[in-house]
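Take a look at the structure set out below.
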Amino acid sequence: MPVETEELKMTDGLLSFINEWKEKPGNLIMVLHRVQEEYGYIPRNIAFELGKLLDVPLAKIYGVVTFYHYFKLEKPGKHTISVCMGTACYLKGGKDLVSELEQLLGIGCGGTTEDMQFSLQAVRCIGCCGLAPVLTVGQEVFGKLTADMLPGIVAKFK
């Protein structure tokens with residue numbers, strides 16, 4: 001588990017949501033989605049609190065969090081760069097985009113820059129195959145990319 005320096009508090013809205021879902025089937029997944037929506041990841045101390053509030057073993061919580069790729073255990077950067085690795089994007093250079101971004105940002109895929117500005121991830125498909133290769137930064141889509149276009153895209157978000 002990652003080491004966190006700050007202890008986050010559960011918000012009143014999150015506590016209310018947990019109480020609303022506490023007795024419903026499938027509550028753990030719904031609550032974890034809400035936690036990630038609130039913090040951008042699943043903070044360790046919040047996972048401990050969830051275990052107590054839902055009467056669920058911590059091992060089960062971490063089992064769910066680590067099984068589903070959507071959930072994150074580490075705080076993401078301010079901007080998440082998602083490079084499409086679907087078939088069209090992969091064939092048109094998606095892997096090259098990932099390599100170039102790793103060099104530009106000084107992190108590996110799945111990592112976050114030290115200044116917490118960028119996280120880099122490869123995703124299965126963004127759904128913009130006609131624009132391959134594609135990446136997103138947050139909700140903004142960039143298509144028909146070449147590696148030499150990446151410094152300008154990164155600079156836009158610094």
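Quick note on naming: the chains in the structure tokens go A, B, ... in the order shown, residues restart at 1 in each chain, and ligands are numbered from 1 in order of appearance.
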
Show which residues sit within 9 Å of stretch 30-39 of chain A, as a count of residues only. Count only C-alpha atoms, and ignore same-chain residues fewer than 3 positions away.
22

So which residues touch A:Gly111 within 9 Å, counting only C-alpha atoms, skipping near sequence neighbours fewer than 5 positions away, as a ChimeraX atom specification?
/A:76-77,118-121

Find the residue from A:Val56, A:Gly138, A:Val154, A:Ser82 that sits nearest to A:Gln103; use only C-alpha atoms when measuring.
A:Val154

Expected answer as a PyMOL selection string: strand (DSSP E or B) residues in stretch 96-127 of chain A:
chain A and resi 112+118-123

Residue set, stretch 73-108 of chain A restricted to helix (DSSP H, G or I), as a ChimeraX atom specification
/A:87-91,94-105

Which distance in Å separates atom CA of A:Asp115 and atom CA of A:Leu101, to one decimal?
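Result for atom CA of A:Asp115 versus atom CA of A:Leu101: 15.7 Å, one decimal.
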
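Nearest to A:Ser99 of all the residues A:Val134, A:Val83, A:Val123, A:Ala59 is A:Val83, counting only C-alpha atoms.
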
What is the atom CA of A:Lys78-atom CA of A:Pro151 distance in Å, reported with one decimal?
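Atom-to-atom, atom CA of A:Lys78 to atom CA of A:Pro151, that is 17.3 Å.
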
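Checking A:Leu97, A:Cys84, A:Leu15, A:Ile29 one by one against A:Leu131, counting only C-alpha atoms, you find the shortest gap at A:Cys84.
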
Would you list the contacts of A:Ile153 as a ChimeraX atom specification, taking every protein, DNA or RNA residue within 12 Å and counting only C-alpha atoms, but skipping same-chain residues closer than 6 positions in sequence?
/A:79,81,97,101,104-105,118,135-137,140-143,145-147

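Note that atom CA of A:Phe48 and atom CA of A:Ser16 are 17.2 Å apart.
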